[in-house]
Each structure stands twice: as C-alpha cells, then as structure tokens.
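Shown next: coords_5.cif, given as mmCIF, C-alpha atoms.
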data_start
loop_
_atom_site.label_atom_id
_atom_site.label_comp_id
_atom_site.auth_asym_id
_atom_site.auth_seq_id
_atom_site.Cartn_x
_atom_site.Cartn_y
_atom_site.Cartn_z
CA MET A 63 135.71 90.61 121.16
CA THR A 64 133.64 87.42 121.06
CA ALA A 65 132.77 86.20 117.56
CA THR A 66 129.10 85.99 116.68
CA PRO A 67 127.92 82.34 116.77
CA ASP A 68 127.26 80.90 113.32
CA HIS A 69 123.52 80.46 113.87
CA GLU A 70 123.13 84.08 114.95
CA LEU A 71 125.19 85.25 112.00
CA VAL A 72 123.01 83.29 109.59
CA ALA A 73 119.82 84.67 111.13
CA ALA A 74 121.12 88.23 110.87
CA ILE A 75 122.11 87.82 107.22
CA VAL A 76 118.78 86.28 106.28
CA ALA A 77 117.13 89.26 108.01
CA GLY A 78 119.05 91.62 105.73
CA ASP A 79 121.96 92.64 107.94
CA GLY A 80 124.73 93.69 105.53
CA PRO A 81 127.54 93.95 108.12
CA ALA A 82 126.72 90.41 109.25
CA PHE A 83 127.41 89.11 105.75
CA GLU A 84 130.69 91.02 105.69
CA GLU A 85 131.57 89.25 108.93
CA LEU A 86 130.76 85.88 107.37
CA VAL A 87 133.00 86.62 104.37
CA ALA A 88 135.84 87.70 106.66
CA ARG A 89 135.41 84.53 108.73
CA PHE A 90 135.52 82.06 105.86
CA GLN A 91 137.30 83.86 103.03
CA ASP A 92 140.80 82.50 103.69
CA ARG A 93 139.59 78.90 103.88
CA VAL A 94 137.52 79.26 100.72
CA LEU A 95 140.43 80.83 98.82
CA ARG A 96 142.74 78.04 100.00
CA LEU A 97 140.28 75.38 98.91
CA LEU A 98 139.72 76.96 95.49
CA SER A 99 143.47 77.31 94.97
CA ARG A 100 143.63 73.52 94.91
CA PHE A 101 141.48 73.53 91.79
CA THR A 102 143.39 76.10 89.72
CA ARG A 103 146.80 77.72 89.72
CA ASP A 104 145.49 81.03 88.38
CA PRO A 105 145.16 83.56 91.25
CA ALA A 106 142.74 85.71 89.27
CA GLU A 107 140.58 82.66 88.62
CA VAL A 108 140.63 81.81 92.31
CA GLU A 109 139.44 85.32 93.17
CA ASP A 110 136.64 85.14 90.59
CA LEU A 111 135.51 81.76 91.88
CA ALA A 112 135.57 83.02 95.47
CA GLN A 113 133.31 85.93 94.54
CA ASP A 114 130.98 83.49 92.82
CA VAL A 115 130.97 81.25 95.90
CA PHE A 116 130.06 84.03 98.32
CA LEU A 117 127.42 85.38 95.94
CA LYS A 118 125.83 81.92 95.95
CA VAL A 119 126.16 81.73 99.72
CA PHE A 120 124.36 85.07 100.06
CA ARG A 121 121.56 83.99 97.72
CA LYS A 122 121.12 80.51 99.19
CA LEU A 123 121.77 81.09 102.87
CA HIS A 124 118.05 81.03 103.62
CA THR A 125 118.08 77.36 102.55
CA PHE A 126 120.76 76.44 105.11
CA GLN A 127 119.07 74.07 107.56
CA GLN A 128 121.79 74.28 110.22
CA ASP A 129 121.83 70.51 110.53
CA SER A 130 125.54 70.61 109.68
CA GLY A 131 128.34 73.06 110.31
CA LEU A 132 128.18 76.34 108.41
CA TYR A 133 131.71 75.86 107.11
CA THR A 134 130.85 72.43 105.67
CA TRP A 135 127.86 73.94 103.88
CA ILE A 136 130.06 76.72 102.45
CA TYR A 137 132.67 74.12 101.45
CA ARG A 138 129.95 72.26 99.55
CA VAL A 139 129.08 75.43 97.65
CA ALA A 140 132.77 76.04 96.92
CA VAL A 141 133.50 72.49 95.72
CA ASN A 142 130.43 72.45 93.48
CA THR A 143 131.28 75.88 92.08
CA ALA A 144 134.86 74.85 91.30
CA ASN A 145 133.88 71.55 89.71
CA ASP A 146 131.18 73.21 87.63
CA HIS A 147 133.70 75.79 86.46
CA LEU A 148 136.27 73.17 85.49
CA ALA A 149 133.62 71.15 83.69
CA ARG A 150 132.55 74.19 81.67
CA ARG A 151 136.14 74.92 80.79
CA GLY A 152 136.79 71.32 79.83
CA ARG A 153 139.46 71.13 82.50
CA ARG A 154 138.37 68.17 84.49
CA ARG A 155 141.68 67.90 86.32
CA LEU A 156 142.50 68.99 89.82
CA ARG A 157 145.73 70.99 90.11
CA LEU A 158 147.10 70.34 93.58
CA LEU A 159 149.81 72.57 94.97
CA GLU A 160 150.41 70.96 98.34
CA ASP A 161 153.50 69.17 99.62
CA GLU A 162 151.82 66.30 101.46
CA GLU A 163 151.29 62.85 99.97
CA VAL A 164 147.93 61.16 99.50
CA LEU A 165 149.17 57.60 99.84
CA GLY A 166 149.58 55.37 102.85
CA GLY A 167 146.20 56.08 104.39
CA GLY A 168 146.82 59.78 104.61
CA GLN A 169 150.33 59.52 106.06
CA ALA A 170 153.07 61.72 104.63
CA LEU A 171 155.66 59.60 102.86
CA HIS A 172 158.69 61.44 104.17
CA ALA A 173 160.08 61.80 107.66
CA SER A 174 161.80 64.79 109.18
CA ALA A 175 165.22 65.96 107.96
CA PRO A 176 165.58 63.64 104.93
CA ALA A 177 168.94 63.26 103.22
CA PRO A 178 169.46 65.13 99.92
CA THR A 179 168.87 62.00 97.83
CA GLU A 180 165.68 61.28 99.78
CA ARG A 181 164.47 64.82 99.17
CA LEU A 182 165.00 64.35 95.43
CA VAL A 183 162.96 61.15 95.53
CA ASP A 184 160.25 62.85 97.61
CA ASP A 185 160.11 65.84 95.25
CA GLU A 186 159.75 63.58 92.24
CA ARG A 187 157.14 61.44 93.99
CA ARG A 188 155.11 64.53 94.93
CA ALA A 189 155.12 65.77 91.33
CA VAL A 190 154.09 62.35 90.01
CA THR A 191 151.41 61.98 92.67
CA ARG A 192 149.91 65.32 91.67
CA ARG A 193 149.75 64.16 88.06
CA LEU A 194 148.05 60.92 89.11
CA VAL A 195 145.52 62.81 91.23
CA ASP A 196 144.86 65.07 88.22
CA GLU A 197 143.75 61.96 86.33
CA LEU A 198 141.26 60.74 88.95
CA PRO A 199 137.55 61.02 88.22
CA GLU A 200 135.93 64.05 89.83
CA ASN A 201 134.21 62.07 92.61
CA PHE A 202 137.53 60.55 93.73
CA ARG A 203 139.46 63.82 93.44
CA SER A 204 137.00 65.65 95.66
CA VAL A 205 137.26 63.21 98.57
CA ILE A 206 141.06 63.15 98.31
CA VAL A 207 141.25 66.95 98.43
CA LEU A 208 138.85 67.31 101.34
CA ARG A 209 140.44 64.52 103.37
CA GLU A 210 144.16 64.75 102.64
CA TYR A 211 144.54 68.44 101.90
CA GLU A 212 141.74 70.08 103.87
CA ASP A 213 141.92 67.50 106.68
CA LEU A 214 138.15 67.23 107.01
CA SER A 215 136.65 64.37 108.97
CA TYR A 216 134.71 61.65 107.14
CA THR A 217 131.52 63.09 108.58
CA ALA A 218 132.33 66.57 107.29
CA ILE A 219 133.25 65.23 103.84
CA ALA A 220 129.95 63.37 103.70
CA GLU A 221 128.11 66.58 104.54
CA VAL A 222 130.07 68.66 102.02
CA LEU A 223 129.55 66.20 99.16
CA GLY A 224 126.08 65.03 100.16
CA ILE A 225 127.08 61.36 100.34
CA SER A 226 127.20 58.74 103.08
CA ILE A 227 130.22 58.12 105.29
CA GLY A 228 130.45 54.64 103.77
CA THR A 229 130.69 56.18 100.31
CA VAL A 230 133.41 58.54 101.54
CA GLU A 231 135.41 55.60 102.86
CA SER A 232 134.89 53.61 99.66
CA ARG A 233 135.92 56.49 97.38
CA LEU A 234 139.01 57.28 99.44
CA PHE A 235 140.07 53.64 99.37
CA ARG A 236 139.56 53.35 95.63
CA ALA A 237 141.27 56.69 94.94
CA ARG A 238 144.33 55.66 96.94
CA GLN A 239 144.35 52.30 95.16
CA ARG A 240 144.36 54.03 91.79
CA ILE A 241 147.20 56.34 92.78
CA ARG A 242 149.22 53.45 94.19
CA ARG A 243 148.58 51.36 91.07
CA GLY A 244 149.60 54.27 88.87
CA LEU A 245 152.89 54.56 90.74
CA GLU A 246 153.52 50.81 90.55
CA GLU A 247 152.75 50.56 86.84
CA ARG A 248 154.29 53.79 85.57
CA TYR A 249 156.81 54.90 88.19
CA PRO A 250 157.90 51.78 90.11
CA GLU A 251 161.12 53.47 91.24
CA LEU A 252 159.00 55.90 93.29
CA VAL A 253 156.85 53.38 95.15
CA PRO A 254 157.66 53.75 98.86
CA GLY A 255 158.97 50.64 100.56
CA THR A 256 160.15 48.85 97.41
CA ARG A 257 163.66 48.04 96.22
CA HIS A 258 163.27 50.87 93.72
CA ASP A 259 162.73 53.46 96.46
CA GLY A 260 165.93 55.52 96.48
CA ARG A 261 166.08 55.93 100.25
CA ARG A 262 166.10 52.17 100.82
CA LEU A 263 169.01 51.14 98.60
CA ARG A 264 172.78 51.32 99.13
CA PRO A 265 175.10 51.99 96.17
CA ASP A 266 175.34 48.23 95.70
CA GLY A 267 171.55 48.07 95.33
CA ASP A 268 170.85 46.39 98.69
CA GLY A 269 170.31 49.24 101.15
CA PRO A 270 170.01 52.99 101.76
CA GLY A 271 172.01 55.39 99.67
CA GLU A 272 171.58 54.39 96.01
CA SER A 273 172.36 57.36 93.78
CA THR A 274 169.89 59.00 91.46
CA GLU A 275 172.01 57.88 88.50
CA ARG A 276 171.72 54.21 89.47
CA ARG A 277 167.93 54.55 89.66
CA GLY A 278 167.61 54.99 85.96
CA GLY A 279 170.18 57.49 84.79
CA ARG A 280 168.25 60.60 85.80
#
Rewrite the structure from the file as structure tokens, please.
Amino acid sequence: MTATPDHELVAAIVAGDGPAFEELVARFQDRVLRLLSRFTRDPAEVEDLAQDVFLKVFRKLHTFQQDSGLYTWIYRVAVNTANDHLARRGRRRLRLLEDEEVLGGGQALHASAPAPTERLVDDERRAVTRRLVDELPENFRSVIVLREYEDLSYTAIAEVLGISIGTVESRLFRARQRIRRGLEERYPELVPGTRHDGRRLRPDGDGPGESTERRGGR
C-alpha cells in the first residue's frame, strides 16, 4: 500500500479527517519518541512529551506552510516542547543516551573491534562526553543533538531551529570546541590522539597498550 504523500495528509487533517491524523502519528511517532528520549531518561516523561508534541502538531498544522519537510516542522515542535519542559523544570541539561561521539567533526572516535583496553577508554570517553554536552548552553546542545545524533543535514537543522545554515555551522563548531576544550582541561587522558590516549601508548608509555592502571591508577 502506497503511503499518502505528506502534503495530502496535511490537507486531509486540516479538513478534519481523523484517520489521516492517526496516520501522521503512526508515521512520525517513533522518530519523535527517539528524539525526546535524548532529552530525558524517564520513559513516562518521554510519553507525556510526545503526547504534548502531537497535540501541538494537531492544533498548529494549519500554520504549516509546506516550504520545508513535514518531519523537520514536527522536529521543531518537538525540540521546542522538550526545551520548554526542561526550562520549566529547571533542568537545562540534555541527557544523551547514544554511543556515538560528538567530536572530530561528527566522526566516531572508535574503530571496529577495539581491544579491551580501548573499549574501556571509549566507554569512559563517552560518559565524559555526555557530561560535557549536558553542560552546553541550550542553543549548542540542540544543534549537536540534531546533527550528531539525529543525523540531520545542515539545511534541515536550520529549518528545525529557525536559524541560518551559517549559524548552524558556527554553533556546531563552537559546541565541538567547548567539548574538546573540556576534555583537554579536565580529562586530558581521554583526548583522542594524545599521549594520554590509552590506545596509543605501550606499557613503557611510548606506544599502544598502556594499562588502565598506568593512566592514573584507575
């Protein structure tokens, strides 16, 4: 069965077609839930936020100009809803649950089949990186999430956040700089490509294989 094109779905919903709205929810629900889960660890909270998002979508769909993708418009509603919720709760931190890194221009910091020591370093770096992302200002956190975790294009991010592509690029650059600086200043042993990086040192301190104990007694 061929899916209803977005523009036809929107027109049907605006005209009062209830089943059409159910189709929209089914089409975007998983992506919205996944996005919201990056803002809070509480599954019940995610469900509540998702209901709030789709209620807003239903009420505001008549304002959708169709000059951008429907999913980017819904993402904008979801991001704004989540950020507003966190602001009201005084929880202006993003709780990321993903395994990918946000450093190195969007490249993951670990290759396939890492050695056990490398996995320990990667696990620790991921945990630290999440804490550093938690500390970013809201405008930087949002672009990091949409780019590195949702894999949206710069154009889509600009549409979701209502900013220019140049601003997207600037915020991503500055966010990555802050995360990198945080690692260098507070966790130098976890900075990839340095002598402190566990995968790059031998037991004598000059090459791959340095033990966790030699990296600081942990």
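Across the model, the gap from CA of Arg103 (chain A) to CA of Glu186 (chain A) is 19.3 Å.
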For Tyr133 (chain A), find every residue with an atom within 10 Å (counting all atoms listed in the file), except residues of its own chain fewer than 5 positions away, and show them as a compact mmCIF listing (two decimals) with C-alpha atoms, in the frame of the given file.
# COMPACT_ATOMS: atom_id res chain seq x y z
CA ASP A 68 127.26 80.90 113.32
CA ARG A 89 135.41 84.53 108.73
CA PHE A 90 135.52 82.06 105.86
CA ARG A 93 139.59 78.90 103.88
CA VAL A 94 137.52 79.26 100.72
CA ARG A 138 129.95 72.26 99.55
CA VAL A 139 129.08 75.43 97.65
CA ALA A 218 132.33 66.57 107.29
CA VAL A 222 130.07 68.66 102.02
Test item: residues at most 10 Å from Leu194 (chain A), only C-alpha atoms, excluding those fewer than 6 positions along its chain, as a PDB file with C-alpha atoms, in the frame of the given file:
ATOM      1  CA  ARG A 155     141.680  67.900  86.320  1.00  0.00           C
ATOM      2  CA  LEU A 156     142.500  68.990  89.820  1.00  0.00           C
ATOM      3  CA  ARG A 188     155.110  64.530  94.930  1.00  0.00           C
ATOM      4  CA  ALA A 237     141.270  56.690  94.940  1.00  0.00           C
ATOM      5  CA  ARG A 240     144.360  54.030  91.790  1.00  0.00           C
ATOM      6  CA  ILE A 241     147.200  56.340  92.780  1.00  0.00           C
ATOM      7  CA  ARG A 242     149.220  53.450  94.190  1.00  0.00           C
ATOM      8  CA  ARG A 243     148.580  51.360  91.070  1.00  0.00           C
ATOM      9  CA  GLY A 244     149.600  54.270  88.870  1.00  0.00           C
ATOM     10  CA  LEU A 245     152.890  54.560  90.740  1.00  0.00           C
TER      11      LEU A 245
END
Care to translate the PyMOL selection byres ((chain A and resi 140) around 10) into actual residues of this file, as a count of residues only? 24
Just so the selection is clear, what residues does the PyMOL selection byres ((chain A and resi 234) around 9) cover here, as a ChimeraX atom specification? /A:167,202-203,205-206,209,229-233,235-239
Find the residues around Glu84 (chain A) up to 12 Å (all atoms listed in the file counted), leave out those fewer than 6 positions away in its own chain, and share them as a PyMOL selection string. chain A and resi 71-72+74-75+78+90-91+116-117+119-120
Pick the closest to Leu223 (chain A) from A:Asp79, A:Glu200, A:Glu107, A:Asp185: which is it, counting all atoms listed in the file?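 The shortest atom-to-atom distance to Leu223 (chain A) comes from A:Glu200.
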Looking at all atoms listed in the file, which of A:Ala77, A:Phe101, A:Ala65, A:Glu247 is the one that sits closest to Asp196 (chain A)? A:Phe101
Nearest residue to Phe126 (chain A) from the set A:Ala88, A:His69, A:Ser226, A:Glu246 (distances using all atoms listed in the file):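 For Phe126 (chain A), the nearest of the candidates is A:His69.
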